[in-house]
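Undergrad: Supplied structure: structure-v4.cif, mmCIF, C-alpha atoms.
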data_input
loop_
_atom_site.label_atom_id
_atom_site.label_comp_id
_atom_site.auth_asym_id
_atom_site.auth_seq_id
_atom_site.Cartn_x
_atom_site.Cartn_y
_atom_site.Cartn_z
CA MET M 1 209.23 -79.64 172.29
CA SER M 2 209.73 -78.17 168.86
CA GLU M 3 206.66 -79.89 167.41
CA ASP M 4 204.64 -76.79 168.20
CA LEU M 5 207.05 -74.33 166.66
CA PRO M 6 205.91 -72.76 163.39
CA LYS M 7 207.67 -73.76 160.19
CA LEU M 8 209.69 -70.86 158.82
CA ALA M 9 210.57 -70.10 155.22
CA VAL M 10 213.45 -67.72 154.67
CA ILE M 11 213.24 -66.14 151.23
CA GLY M 12 216.74 -64.96 150.48
CA GLY M 13 217.95 -67.61 152.86
CA THR M 14 221.18 -68.05 150.93
CA GLY M 15 222.22 -64.48 151.74
CA ASP M 16 224.03 -63.19 154.83
CA LEU M 17 221.05 -61.94 156.82
CA GLY M 18 218.66 -64.71 155.83
CA GLY M 19 221.25 -67.44 156.23
CA GLY M 20 222.34 -66.09 159.60
CA LEU M 21 218.78 -65.95 160.92
CA ALA M 22 217.97 -69.39 159.50
CA ARG M 23 220.99 -70.86 161.27
CA ARG M 24 219.95 -69.40 164.61
CA TRP M 25 216.34 -70.53 164.20
CA ALA M 26 217.39 -74.03 163.20
CA ALA M 27 219.65 -74.16 166.25
CA ALA M 28 216.67 -73.09 168.38
CA GLY M 29 214.62 -76.03 167.06
CA TYR M 30 212.45 -74.34 164.45
CA PRO M 31 211.80 -76.23 161.22
CA VAL M 32 213.28 -74.01 158.52
CA VAL M 33 212.93 -73.94 154.75
CA ILE M 34 215.65 -72.10 152.87
CA GLY M 35 214.14 -70.42 149.85
CA SER M 36 216.17 -69.56 146.78
CA ARG M 37 215.58 -69.02 143.08
CA GLY M 38 217.12 -72.38 142.35
CA GLN M 39 216.59 -75.73 144.08
CA GLU M 40 220.27 -76.60 144.04
CA LYS M 41 221.41 -73.37 145.69
CA ALA M 42 218.71 -73.78 148.32
CA ASP M 43 219.78 -77.36 149.02
CA LEU M 44 223.42 -76.37 149.43
CA ALA M 45 222.57 -73.60 151.89
CA ALA M 46 220.28 -75.94 153.84
CA ASP M 47 223.00 -78.61 153.97
CA ASP M 48 225.48 -76.06 155.29
CA ILE M 49 223.21 -75.07 158.14
CA ARG M 50 222.28 -78.66 159.01
CA ASN M 51 225.95 -79.61 159.09
CA GLU M 52 226.75 -76.67 161.36
CA VAL M 53 223.92 -76.63 163.86
CA GLY M 54 221.72 -79.61 163.06
CA GLY M 55 217.97 -79.15 163.15
CA ARG M 56 215.29 -79.62 160.53
CA VAL M 57 216.41 -77.58 157.53
CA GLU M 58 215.46 -78.11 153.90
CA GLY M 59 215.85 -76.20 150.67
CA MET M 60 213.13 -75.24 148.19
CA GLU M 61 212.53 -72.78 145.39
CA ASN M 62 211.07 -69.57 146.75
CA ALA M 63 207.42 -70.10 145.84
CA ALA M 64 207.40 -73.64 147.20
CA ALA M 65 209.20 -72.51 150.35
CA ALA M 66 206.59 -69.84 151.04
CA ALA M 67 203.76 -72.29 150.40
CA ALA M 68 205.29 -74.86 152.77
CA ALA M 69 205.77 -72.54 155.75
CA ASP M 70 203.67 -71.04 158.52
CA ILE M 71 205.64 -67.80 158.69
CA VAL M 72 207.53 -66.42 155.69
CA VAL M 73 210.58 -64.23 156.19
CA LEU M 74 211.82 -61.98 153.38
CA THR M 75 215.51 -61.05 153.54
CA VAL M 76 216.45 -59.68 150.13
CA PRO M 77 217.88 -56.38 148.86
CA PHE M 78 215.38 -53.59 148.28
CA ALA M 79 215.66 -53.91 144.49
CA SER M 80 214.59 -57.56 144.75
CA GLN M 81 211.70 -57.04 147.16
CA LYS M 82 208.94 -56.60 144.59
CA PRO M 83 209.81 -59.48 142.21
CA ASN M 84 210.30 -61.83 145.15
CA LEU M 85 206.99 -60.92 146.76
CA GLU M 86 205.19 -61.29 143.45
CA ALA M 87 206.73 -64.73 143.03
CA ILE M 88 205.60 -65.96 146.45
CA ARG M 89 202.37 -64.00 146.86
CA GLU M 90 200.08 -66.97 146.39
CA GLY M 91 201.79 -69.04 149.07
CA LEU M 92 201.69 -66.13 151.53
CA GLN M 93 197.94 -65.83 151.78
CA GLY M 94 196.60 -66.30 155.29
CA LYS M 95 200.10 -66.17 156.78
CA ILE M 96 202.48 -63.77 158.46
CA LEU M 97 205.04 -62.16 156.18
CA LEU M 98 208.04 -60.95 158.15
CA ASP M 99 209.66 -58.36 155.91
CA ALA M 100 213.23 -57.30 156.70
CA THR M 101 213.72 -55.13 153.63
CA VAL M 102 215.71 -51.92 154.04
CA PRO M 103 215.08 -49.35 151.29
CA LEU M 104 218.72 -48.45 150.69
CA VAL M 105 219.31 -46.61 147.42
CA PRO M 106 222.96 -46.86 146.33
CA PRO M 107 225.27 -45.08 146.23
CA LYS M 108 224.03 -42.83 149.05
CA VAL M 109 223.10 -45.59 151.46
CA ALA M 110 223.73 -43.39 154.53
CA ARG M 111 220.96 -41.06 153.39
CA VAL M 112 217.36 -41.95 154.22
CA GLN M 113 215.54 -42.31 150.90
CA LEU M 114 212.06 -43.66 151.39
CA PRO M 115 209.98 -45.40 148.73
CA GLU M 116 206.72 -43.97 147.48
CA ALA M 117 204.51 -45.86 149.92
CA GLY M 118 206.51 -44.35 152.80
CA SER M 119 208.50 -47.46 153.69
CA ALA M 120 209.56 -50.80 152.30
CA ALA M 121 207.12 -52.45 154.71
CA LEU M 122 204.21 -50.49 153.28
CA GLU M 123 205.41 -51.32 149.76
CA ALA M 124 205.29 -54.99 150.77
CA LYS M 125 201.76 -54.58 152.07
CA LYS M 126 200.67 -53.06 148.76
CA ILE M 127 202.10 -56.04 146.88
CA VAL M 128 200.85 -58.92 149.02
CA GLY M 129 197.40 -57.54 149.78
CA GLU M 130 194.89 -57.82 152.59
CA GLY M 131 195.11 -61.60 152.92
CA VAL M 132 198.62 -61.41 154.38
CA THR M 133 199.57 -60.10 157.82
CA VAL M 134 202.73 -58.03 157.37
CA VAL M 135 205.24 -57.53 160.18
CA SER M 136 208.56 -55.74 159.81
CA ALA M 137 211.78 -56.34 161.77
CA PHE M 138 215.55 -57.03 161.67
CA GLN M 139 216.41 -53.96 159.57
CA ASN M 140 219.17 -52.93 161.97
CA VAL M 141 220.87 -56.27 162.47
CA GLY M 142 224.36 -56.50 161.04
CA ALA M 143 224.32 -59.78 159.15
CA ALA M 144 228.02 -60.35 159.83
CA HIS M 145 227.32 -60.60 163.55
CA LEU M 146 224.73 -63.35 163.20
CA ARG M 147 227.53 -65.85 162.68
CA ASP M 148 229.12 -64.99 166.02
CA GLU M 149 228.21 -66.93 169.10
CA HIS M 150 228.09 -63.92 171.39
CA PRO M 151 224.92 -61.90 171.96
CA ILE M 152 224.19 -59.34 169.26
CA GLU M 153 224.52 -55.75 170.40
CA THR M 154 221.28 -54.48 169.01
CA ASP M 155 217.63 -54.50 169.92
CA VAL M 156 215.02 -55.17 167.26
CA LEU M 157 212.06 -52.88 166.62
CA VAL M 158 209.05 -54.95 165.55
CA THR M 159 206.25 -53.11 163.76
CA GLY M 160 203.29 -54.70 162.14
CA GLU M 161 199.66 -55.48 161.73
CA GLY M 162 198.34 -56.37 165.13
CA VAL M 163 199.71 -57.32 168.52
CA GLU M 164 199.38 -61.07 167.96
CA ALA M 165 201.44 -61.10 164.78
CA ARG M 166 204.07 -58.90 166.41
CA GLU M 167 204.21 -61.28 169.38
CA ALA M 168 204.88 -64.17 167.00
CA VAL M 169 207.75 -62.24 165.45
CA ILE M 170 209.14 -61.12 168.83
CA ALA M 171 209.37 -64.83 169.69
CA LEU M 172 211.50 -65.29 166.56
CA VAL M 173 213.67 -62.32 167.52
CA GLU M 174 214.29 -63.88 170.92
CA ALA M 175 214.97 -67.29 169.39
CA ALA M 176 217.67 -65.57 167.32
CA GLY M 177 219.24 -64.18 170.48
CA MET M 178 218.04 -60.59 170.46
CA ARG M 179 215.57 -58.45 172.33
CA GLY M 180 212.47 -57.52 170.34
CA TRP M 181 210.20 -54.58 171.10
CA HIS M 182 206.63 -53.82 170.08
CA ALA M 183 207.24 -50.69 168.03
CA GLY M 184 203.70 -50.06 166.84
CA PRO M 185 201.74 -50.37 163.60
CA LEU M 186 203.30 -51.17 160.24
CA SER M 187 203.41 -47.46 159.38
CA ASN M 188 206.07 -47.11 162.09
CA ALA M 189 208.45 -49.35 160.11
CA VAL M 190 209.85 -46.20 158.54
CA VAL M 191 211.81 -45.62 161.76
CA ALA M 192 213.73 -48.92 161.74
CA GLU M 193 214.22 -48.75 157.98
CA GLY M 194 215.58 -45.20 158.12
CA LEU M 195 217.69 -46.03 161.15
CA THR M 196 219.74 -48.42 159.03
CA SER M 197 220.99 -45.50 156.94
CA VAL M 198 221.77 -43.57 160.13
CA LEU M 199 223.71 -46.53 161.53
CA ILE M 200 225.63 -46.99 158.27
CA GLY M 201 226.67 -43.35 158.50
CA ILE M 202 227.68 -43.80 162.14
CA ASN M 203 229.72 -46.91 161.27
CA ARG M 204 231.63 -44.87 158.72
CA ARG M 205 232.14 -41.67 160.66
CA TYR M 206 233.04 -43.25 164.00
CA LYS M 207 234.75 -46.32 162.55
CA ILE M 208 232.42 -48.72 164.31
CA ASP M 209 231.91 -52.29 163.22
CA GLY M 210 228.18 -52.86 163.41
CA ALA M 211 226.56 -49.98 165.26
CA GLY M 212 223.18 -50.92 166.68
CA LEU M 213 220.61 -49.57 169.06
CA ARG M 214 219.36 -50.33 172.52
CA ILE M 215 216.09 -49.15 173.98
CA THR M 216 216.85 -47.73 177.43
CA GLY M 217 214.80 -47.04 180.50
CA PHE M 218 213.14 -50.42 180.72
CA GLN M 219 210.97 -50.54 183.83
CA GLY M 220 213.39 -48.69 186.00
CA THR M 221 216.48 -50.66 185.01
CA SER M 222 218.79 -48.74 182.77
CA GLU M 223 221.93 -49.76 180.98
CA MET U 1 236.11 -19.24 179.72
CA SER U 2 232.53 -18.83 178.66
CA GLU U 3 233.20 -15.65 176.70
CA ASP U 4 233.66 -17.73 173.57
CA LEU U 5 230.47 -19.72 173.92
CA PRO U 6 227.70 -18.85 171.46
CA LYS U 7 224.63 -17.05 172.73
CA LEU U 8 221.60 -19.32 172.60
CA ALA U 9 217.96 -18.33 172.16
CA VAL U 10 215.43 -20.95 173.21
CA ILE U 11 212.12 -20.32 171.45
CA GLY U 12 209.55 -22.09 173.57
CA GLY U 13 211.92 -21.68 176.46
CA THR U 14 209.08 -21.49 178.95
CA GLY U 15 208.04 -25.07 178.15
CA ASP U 16 209.36 -28.29 179.65
CA LEU U 17 211.87 -29.25 176.96
CA GLY U 18 213.06 -25.73 176.20
CA GLY U 19 213.22 -24.72 179.85
CA GLY U 20 215.07 -27.91 180.78
CA LEU U 21 217.66 -27.43 178.05
CA ALA U 22 218.04 -23.73 178.85
CA ARG U 23 218.70 -24.57 182.50
CA ARG U 24 221.41 -27.06 181.60
CA TRP U 25 223.05 -24.70 179.10
CA ALA U 26 222.99 -21.82 181.58
CA ALA U 27 224.58 -24.08 184.19
CA ALA U 28 227.26 -24.97 181.63
CA GLY U 29 228.10 -21.29 181.16
CA TYR U 30 226.28 -20.49 177.91
CA PRO U 31 224.56 -17.11 177.66
CA VAL U 32 220.88 -17.96 177.15
CA VAL U 33 217.90 -15.95 176.00
CA ILE U 34 214.50 -17.38 176.90
CA GLY U 35 212.07 -16.60 174.11
CA SER U 36 208.34 -16.40 174.71
CA ARG U 37 205.34 -14.74 173.13
CA GLY U 38 205.23 -12.24 175.99
CA GLN U 39 208.06 -10.35 177.65
CA GLU U 40 206.72 -10.94 181.14
CA LYS U 41 206.49 -14.71 180.79
CA ALA U 42 209.98 -14.79 179.31
CA ASP U 43 211.35 -12.73 182.22
CA LEU U 44 209.75 -15.00 184.81
CA ALA U 45 211.20 -18.13 183.20
CA ALA U 46 214.63 -16.52 182.94
CA ASP U 47 214.48 -15.46 186.60
CA ASP U 48 213.60 -19.01 187.63
CA ILE U 49 216.61 -20.46 185.84
CA ARG U 50 218.98 -17.78 187.13
CA ASN U 51 217.79 -18.39 190.68
CA GLU U 52 218.30 -22.13 190.30
CA VAL U 53 221.59 -22.44 188.48
CA GLY U 54 222.94 -18.92 188.04
CA GLY U 55 224.47 -17.99 184.72
CA ARG U 56 223.64 -15.35 182.17
CA VAL U 57 219.95 -15.76 181.39
CA GLU U 58 217.56 -13.15 180.09
CA GLY U 59 214.02 -13.11 178.71
CA MET U 60 212.81 -11.61 175.43
CA GLU U 61 209.90 -11.87 173.04
CA ASN U 62 210.56 -14.58 170.47
CA ALA U 63 211.58 -12.40 167.52
CA ALA U 64 213.95 -10.32 169.64
CA ALA U 65 215.37 -13.47 171.23
CA ALA U 66 216.15 -14.98 167.82
CA ALA U 67 217.72 -11.74 166.61
CA ALA U 68 219.91 -11.51 169.73
CA ALA U 69 221.34 -15.03 169.57
CA ASP U 70 224.05 -16.89 167.64
CA ILE U 71 222.20 -20.21 167.64
CA VAL U 72 218.40 -20.40 167.84
CA VAL U 73 216.71 -23.45 169.34
CA LEU U 74 213.06 -24.19 168.59
CA THR U 75 211.24 -26.30 171.20
CA VAL U 76 207.55 -25.93 170.52
CA PRO U 77 204.71 -28.34 169.73
CA PHE U 78 204.34 -29.35 166.08
CA ALA U 79 201.20 -27.24 165.66
CA SER U 80 203.15 -24.14 166.73
CA GLN U 81 206.22 -24.78 164.59
CA LYS U 82 205.14 -22.84 161.52
CA PRO U 83 203.81 -19.66 163.21
CA ASN U 84 206.85 -19.51 165.48
CA LEU U 85 209.30 -19.88 162.61
CA GLU U 86 207.48 -17.25 160.60
CA ALA U 87 207.66 -14.89 163.57
CA ILE U 88 211.43 -15.31 164.00
CA ARG U 89 212.49 -15.92 160.41
CA GLU U 90 214.14 -12.54 159.95
CA GLY U 91 216.34 -12.91 163.01
CA LEU U 92 217.40 -16.41 161.95
CA GLN U 93 219.14 -15.44 158.74
CA GLY U 94 222.80 -16.42 158.63
CA LYS U 95 222.45 -18.54 161.79
CA ILE U 96 221.97 -22.11 162.88
CA LEU U 97 218.39 -23.10 163.67
CA LEU U 98 218.30 -26.11 165.96
CA ASP U 99 214.83 -27.54 165.48
CA ALA U 100 213.56 -30.04 168.06
CA THR U 101 210.04 -30.31 166.67
CA VAL U 102 208.38 -33.73 166.75
CA PRO U 103 205.48 -34.10 164.31
CA LEU U 104 203.07 -35.77 166.72
CA VAL U 105 199.47 -35.72 165.55
CA PRO U 106 197.06 -36.26 168.47
CA PRO U 107 195.33 -38.38 169.44
CA LYS U 108 197.43 -41.18 167.86
CA VAL U 109 200.80 -39.94 169.03
CA ALA U 110 202.29 -43.46 169.10
CA ARG U 111 201.74 -43.73 165.34
CA VAL U 112 204.30 -42.19 162.99
CA GLN U 113 202.48 -39.53 160.97
CA LEU U 114 204.88 -37.52 158.89
CA PRO U 115 204.19 -34.06 157.49
CA GLU U 116 204.08 -33.36 153.78
CA ALA U 117 207.74 -32.39 153.45
CA GLY U 118 208.71 -35.76 154.97
CA SER U 119 209.67 -34.50 158.40
CA ALA U 120 209.23 -31.53 160.71
CA ALA U 121 212.87 -30.63 160.06
CA LEU U 122 212.27 -30.39 156.31
CA GLU U 123 209.12 -28.36 156.99
CA ALA U 124 211.29 -25.98 159.00
CA LYS U 125 213.77 -25.71 156.14
CA LYS U 126 210.96 -24.81 153.74
CA ILE U 127 209.83 -22.02 156.06
CA VAL U 128 213.15 -20.44 156.98
CA GLY U 129 214.82 -20.68 153.58
CA GLU U 130 218.33 -21.03 152.25
CA GLY U 131 219.83 -18.34 154.46
CA VAL U 132 219.44 -20.48 157.58
CA THR U 133 221.42 -23.62 158.43
CA VAL U 134 218.95 -26.11 159.88
CA VAL U 135 219.99 -28.85 162.31
CA SER U 136 217.62 -31.22 164.05
CA ALA U 137 218.04 -32.89 167.45
CA PHE U 138 216.57 -33.65 170.90
CA GLN U 139 213.37 -35.25 169.58
CA ASN U 140 213.78 -38.27 171.86
CA VAL U 141 214.63 -36.51 175.10
CA GLY U 142 212.01 -36.84 177.81
CA ALA U 143 211.62 -33.30 179.07
CA ALA U 144 210.78 -34.51 182.57
CA HIS U 145 214.26 -35.99 182.93
CA LEU U 146 216.07 -32.77 182.12
CA ARG U 147 215.28 -31.52 185.63
CA ASP U 148 217.05 -34.47 187.24
CA GLU U 149 220.68 -34.23 188.14
CA HIS U 150 221.58 -37.73 186.97
CA PRO U 151 222.74 -38.47 183.42
CA ILE U 152 219.92 -38.82 180.91
CA GLU U 153 219.47 -42.33 179.58
CA THR U 154 219.27 -41.45 175.93
CA ASP U 155 221.63 -40.61 173.11
CA VAL U 156 220.78 -37.79 170.72
CA LEU U 157 220.74 -38.20 166.94
CA VAL U 158 221.89 -34.98 165.30
CA THR U 159 220.98 -34.50 161.64
CA GLY U 160 221.46 -31.37 159.65
CA GLU U 161 223.00 -29.27 156.96
CA GLY U 162 226.72 -29.85 157.08
CA VAL U 163 229.25 -31.35 159.44
CA GLU U 164 230.26 -28.04 160.99
CA ALA U 165 226.72 -27.09 162.01
CA ARG U 166 226.15 -30.59 163.40
CA GLU U 167 229.39 -30.30 165.40
CA ALA U 168 228.15 -27.05 166.93
CA VAL U 169 224.93 -28.79 167.98
CA ILE U 170 226.73 -31.87 169.28
CA ALA U 171 228.65 -29.50 171.57
CA LEU U 172 225.27 -28.29 172.89
CA VAL U 173 224.09 -31.87 173.36
CA GLU U 174 227.18 -32.63 175.42
CA ALA U 175 226.82 -29.41 177.42
CA ALA U 176 223.32 -30.63 178.30
CA GLY U 177 224.77 -33.91 179.59
CA MET U 178 224.01 -36.27 176.73
CA ARG U 179 225.90 -38.05 173.98
CA GLY U 180 225.26 -36.66 170.49
CA TRP U 181 225.86 -38.54 167.26
CA HIS U 182 226.31 -37.34 163.69
CA ALA U 183 223.24 -38.94 162.14
CA GLY U 184 223.55 -37.58 158.61
CA PRO U 185 221.85 -34.96 156.47
CA LEU U 186 218.67 -33.14 157.41
CA SER U 187 216.60 -35.64 155.42
CA ASN U 188 217.58 -38.25 158.03
CA ALA U 189 215.68 -36.31 160.72
CA VAL U 190 212.66 -38.46 159.91
CA VAL U 191 214.26 -41.26 161.94
CA ALA U 192 214.57 -39.35 165.22
CA GLU U 193 211.18 -37.73 164.72
CA GLY U 194 209.46 -41.04 164.06
CA LEU U 195 211.33 -42.71 166.88
CA THR U 196 209.53 -40.47 169.35
CA SER U 197 206.23 -42.11 168.43
CA VAL U 198 207.85 -45.54 168.77
CA LEU U 199 209.20 -44.62 172.22
CA ILE U 200 205.82 -43.26 173.33
CA GLY U 201 204.29 -46.59 172.36
CA ILE U 202 207.02 -48.47 174.22
CA ASN U 203 206.51 -46.32 177.32
CA ARG U 204 202.84 -47.27 177.30
CA ARG U 205 203.10 -50.95 176.50
CA TYR U 206 206.04 -51.75 178.76
CA LYS U 207 205.18 -49.20 181.46
CA ILE U 208 208.50 -47.43 181.15
CA ASP U 209 209.06 -43.89 182.34
CA GLY U 210 211.03 -42.24 179.59
CA ALA U 211 212.26 -44.88 177.16
CA GLY U 212 215.24 -43.68 175.14
CA LEU U 213 217.86 -45.07 172.83
CA ARG U 214 221.55 -45.81 172.95
CA ILE U 215 223.77 -46.35 169.95
CA THR U 216 225.80 -49.50 170.60
CA GLY U 217 229.00 -50.90 169.22
CA PHE U 218 231.10 -47.77 169.65
CA GLN U 219 234.65 -48.52 168.55
CA GLY U 220 234.75 -51.95 170.08
CA THR U 221 233.27 -51.01 173.44
CA SER U 222 229.74 -52.19 173.89
CA GLU U 223 227.28 -51.68 176.69
#
Using C-alpha cells, write down the structure that the file contains.
TA:
Amino acid sequence: MSEDLPKLAVIGGTGDLGGGLARRWAAAGYPVVIGSRGQEKADLAADDIRNEVGGRVEGMENAAAAAAADIVVLTVPFASQKPNLEAIREGLQGKILLDATVPLVPPKVARVQLPEAGSAALEAKKIVGEGVTVVSAFQNVGAAHLRDEHPIETDVLVTGEGVEAREAVIALVEAAGMRGWHAGPLSNAVVAEGLTSVLIGINRRYKIDGAGLRITGFQGTSE
Amino acid sequence: MSEDLPKLAVIGGTGDLGGGLARRWAAAGYPVVIGSRGQEKADLAADDIRNEVGGRVEGMENAAAAAAADIVVLTVPFASQKPNLEAIREGLQGKILLDATVPLVPPKVARVQLPEAGSAALEAKKIVGEGVTVVSAFQNVGAAHLRDEHPIETDVLVTGEGVEAREAVIALVEAAGMRGWHAGPLSNAVVAEGLTSVLIGINRRYKIDGAGLRITGFQGTSE
C-alpha cells in the first residue's frame, strides 16, 4: 500500500521534532530520509528509527536527502533556517517544502518577535524562490510528546501556497497522529509561529507540560 | 457584593460584540456604561440590556462613557479604531484600555493583514500613549454566541501591559463566561488578532458556525 506514499526527507531529522515526526511517518509506512550535516549522524538516527518502528528509513547528508525526496520537511532552529535552506535549495525545486521553523529569539522566547519578512515561513519563501511550494506546519507540537504512544493534545494549523499542497501536508499531519486544519495562505503562518511563544509562556505560568491548541466548534460537535 | 466591581465602559457597546459582552457583565453585577456616538442610541441599547438582564446599565456618548468608567473596553471595527480612540483618549488616562480590535481588511478577511505597528493592539498603544495601560482580548469570540445562554466554546488569549492589568481583564473574561489565559506582553496580541482570520477561513472551509480555540494540556488534565 505504501508504494504510492511520497518519499519524505526530514532536514534536522536528528533533532527532537524532526526525529519524532520521522519515526511516526516511518511507522505509518512512508519512506523517510533522515537528513543531517554528516552522513554518519544521519545513518545512526535512521538506524535508531528502523530498529524502533521498522519501515524504510535511510540517512543522507542534507542536500542529498532533499534531492532524493518528494516532500522536504525542515525542522531546525530559527538560527539554522537560512543556512540549511541555502544548502538544500537546488534539491527543493519543483517540490513541497514543509517548513516547521519557529522564529524564537532567545532569551525572550515567550515574546513574539517576528522576522523581517513577517514570519519564518515567508523568510523561507524568500530563500527558496518561486520554484518551491512552501507550506508551514507543526510549530506548536511539543517534540517531547512525539515519542509517546498516546494521541498528541494539539491540533496543527497548516498554512501554505495552495489547497493541494496543504492537503498533502494535512495527510502527513494525520499520519503523525494529529488533526490538521487548512489555516489559509502562507502569510497566515505568523499565527502558528507566534502561538508557540504564547504557549511557552502558558507552560511557564500555569506549570503545564506541553500546552497546545484545539480548534473548537467543528460542524456542530464541540469538545 | 458588586460595590467593589469596577465600572466598565463599552465603546461600541451598541454593536454585536460590545453589546453581548455588556449584557453578560451587567448580568454578572458589573456597573456598565454603553458608549455610542449618540446619546439616544446609547440609551436605547442600555435600556435593552437592563430590560433583559437587569443590572446597573446606562448610556452615554463615547467620550463621557470613557471618562465615567474604571476600565474602558473598545469593540469597534478596525477602520473605526483610530477615530474612536482619539475621541476618548482624554478619559482613558490612568486607566486600563481593553482593546478587542481585529485588524481585518476586507474583502480578504481570512488572510492575516497586519497594520504597520504590527498589530491593532500596538496601534492602540501608539494612539493612547504611555498614560494608558493597554490590554488586548476577545478577538476570537463570535459575537453571535454571546447571546446564547450556553458556555462559549472558545478560550480567550489575554495579552497586555503587565500581569496586574491582565489579571483584571481575565476577571472580566470569566465574568463573561469564558476561560482567559495570560498570553504575554502586548506584542503577543498579533497571535489572537491573526487567529481571527484563520478561524474565519476555517468557518468557511469546514462549514463551522463559530470556530474557536481551546488551550490544551492544562496541568495534566486534557480535553
Undergrad: Counting all atoms listed in the file, which residue out of M:Ala211, M:Val128, M:Ala121, M:Leu186 sits closest to M:Thr154?
TA: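 Under the stated criterion, the closest residue is M:Ala211.
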Undergrad: Please report, as CSV, each residue of chain U lying at most 8 Å from chain M, together with the nearest pair of atoms and the separation in Å rounded to one decimal; use only C-alpha atoms, and order rows by chain and ascending residue number.
TA:
residue,atom,partner,partner_atom,distance
U:Ala110,CA,M:Gly184,CA,7.1
U:Arg111,CA,M:Asn188,CA,6.4
U:Val112,CA,M:Asn188,CA,5.3
U:Glu153,CA,M:Thr216,CA,6.4
U:Thr154,CA,M:Thr216,CA,6.9
U:Trp181,CA,M:Ile202,CA,7.6
U:His182,CA,M:Ile202,CA,6.8
U:Ala183,CA,M:Val198,CA,5.3
U:Gly184,CA,M:Val198,CA,6.4
U:Pro185,CA,M:Arg111,CA,6.9
U:Ser187,CA,M:Val112,CA,6.5
U:Asn188,CA,M:Val112,CA,5.3
U:Val190,CA,M:Val191,CA,7.4
U:Val191,CA,M:Val191,CA,5.0
U:Ala192,CA,M:Val191,CA,7.7
U:Gly194,CA,M:Val191,CA,5.6
U:Leu195,CA,M:Val191,CA,5.9
U:Val198,CA,M:Ala183,CA,5.2
U:Leu199,CA,M:Ala183,CA,7.6
U:Gly201,CA,M:Gly184,CA,6.5
U:Ile202,CA,M:Ala183,CA,6.6
U:Arg205,CA,M:His182,CA,7.9
U:Tyr206,CA,M:Gln219,CA,7.2
U:Lys207,CA,M:Gln219,CA,6.4
U:Ile208,CA,M:Gln219,CA,4.8
U:Asp209,CA,M:Gly217,CA,6.8
U:Gly210,CA,M:Gly217,CA,6.2
U:Ala211,CA,M:Gly217,CA,4.7
U:Gly212,CA,M:Thr216,CA,4.9
U:Leu213,CA,M:Ile215,CA,4.6
U:Arg214,CA,M:Arg214,CA,5.0
U:Ile215,CA,M:Leu213,CA,4.6
U:Thr216,CA,M:Gly212,CA,4.9
U:Gly217,CA,M:Ala211,CA,4.7
U:Phe218,CA,M:Ile208,CA,5.6
U:Gln219,CA,M:Ile208,CA,4.8
U:Gly220,CA,M:Ile208,CA,7.0
U:Ser222,CA,M:Glu153,CA,7.2
U:Glu223,CA,M:Glu223,CA,7.1
Undergrad: For U:Ala66, list every protein, DNA or RNA residue within 9 Å, evaluated using only C-alpha atoms, and leave out those in the same chain fewer than 2 positions away; present the list as a list in words.
TA: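 Once the nearby chain positions are removed, what remains is Leu8, Ala9, Val10, Ile11, Val33, Gly35, Met60, Glu61, Asn62, Ala63, Ala64, Ala68, Ala69, Asp70, Ile71, Val72, Val73, Ile88, Arg89, Glu90, Gly91 and Leu92 of chain U.
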Undergrad: Return as a list in words the set of residues that the PyMOL selection byres ((chain M and resi 77) around 8) yields on the displayed structure.
TA: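 Output of the PyMOL selection byres ((chain M and resi 77) around 8): Thr75, Val76, Phe78, Ala79, Ser80, Gln81, Thr101, Val102 and Pro103 of chain M.
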Undergrad: Can you give me, as a list in words, the residues this file yields under the PyMOL selection byres ((chain U and resi 143-146) around 6)?
TA: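 Expected selection for the PyMOL selection byres ((chain U and resi 143-146) around 6) here is Asp16, Leu17, Gly20, Val141, Gly142, Arg147 and Asp148 of chain U.
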Undergrad: Report, in Å to a single decimal, how far apart atom CA of U:Lys82 and atom CA of U:Pro6 are.
TA: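 Atom CA of U:Pro6 sits 25.0 Å away from atom CA of U:Lys82.
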Undergrad: Let me make sure I understand: among M:Val105, M:Ala65, M:Val173, M:Val163, which one has the smallest atom-to-atom distance to M:Ala137 if we use all atoms listed in the file?
TA: M:Val173
Undergrad: Which residues match the PyMOL selection byres ((chain U and resi 23) around 9) in the file above, as a list in words?
TA: Gly18, Gly19, Gly20, Leu21, Ala22, Arg24, Trp25, Ala26, Ala27, Ala28, Val32, Ile49, Arg50, Glu52, Val53, Gly54, Val57, Leu146, Arg147 and Ala176 of chain U
Undergrad: Between U:Asp99, U:Pro115, U:Val109, U:Ala175, which one has atoms that come closest to U:Gly160, using only C-alpha atoms?
TA: U:Asp99
Undergrad: Pick out the closest residue to M:Leu104 from this set: M:Ala120, M:Ala87, M:Ile34, M:Ile170. Count all atoms listed in the file.
TA: M:Ala120
Undergrad: Atom CA of M:Leu5 and atom CA of M:Arg56, how far apart in Å?
TA: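 Distance between the two atoms: 11.6 Å.
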Undergrad: Please identify all polymer residues within 10 Å of U:Glu40, counting all atoms listed in the file, omitting same-chain residues fewer than 4 positions from it, and present them as a list in words.
TA: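 Selected residues are Ser36, Leu44, Ala45, Ala46, Gly59, Met60 and Glu61 of chain U.
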Undergrad: By how many Å are atom CA of U:Ala100 and atom CA of U:Gly55 apart?
TA: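 Distance between the two atoms: 23.3 Å.
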Undergrad: Ranking M:Ala42, M:Ala168, M:Val158, M:Leu85 by minimum distance to M:Lys126 and counting only C-alpha atoms, which one comes first?
TA: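 Ranked by minimum distance to M:Lys126, first place goes to M:Leu85.
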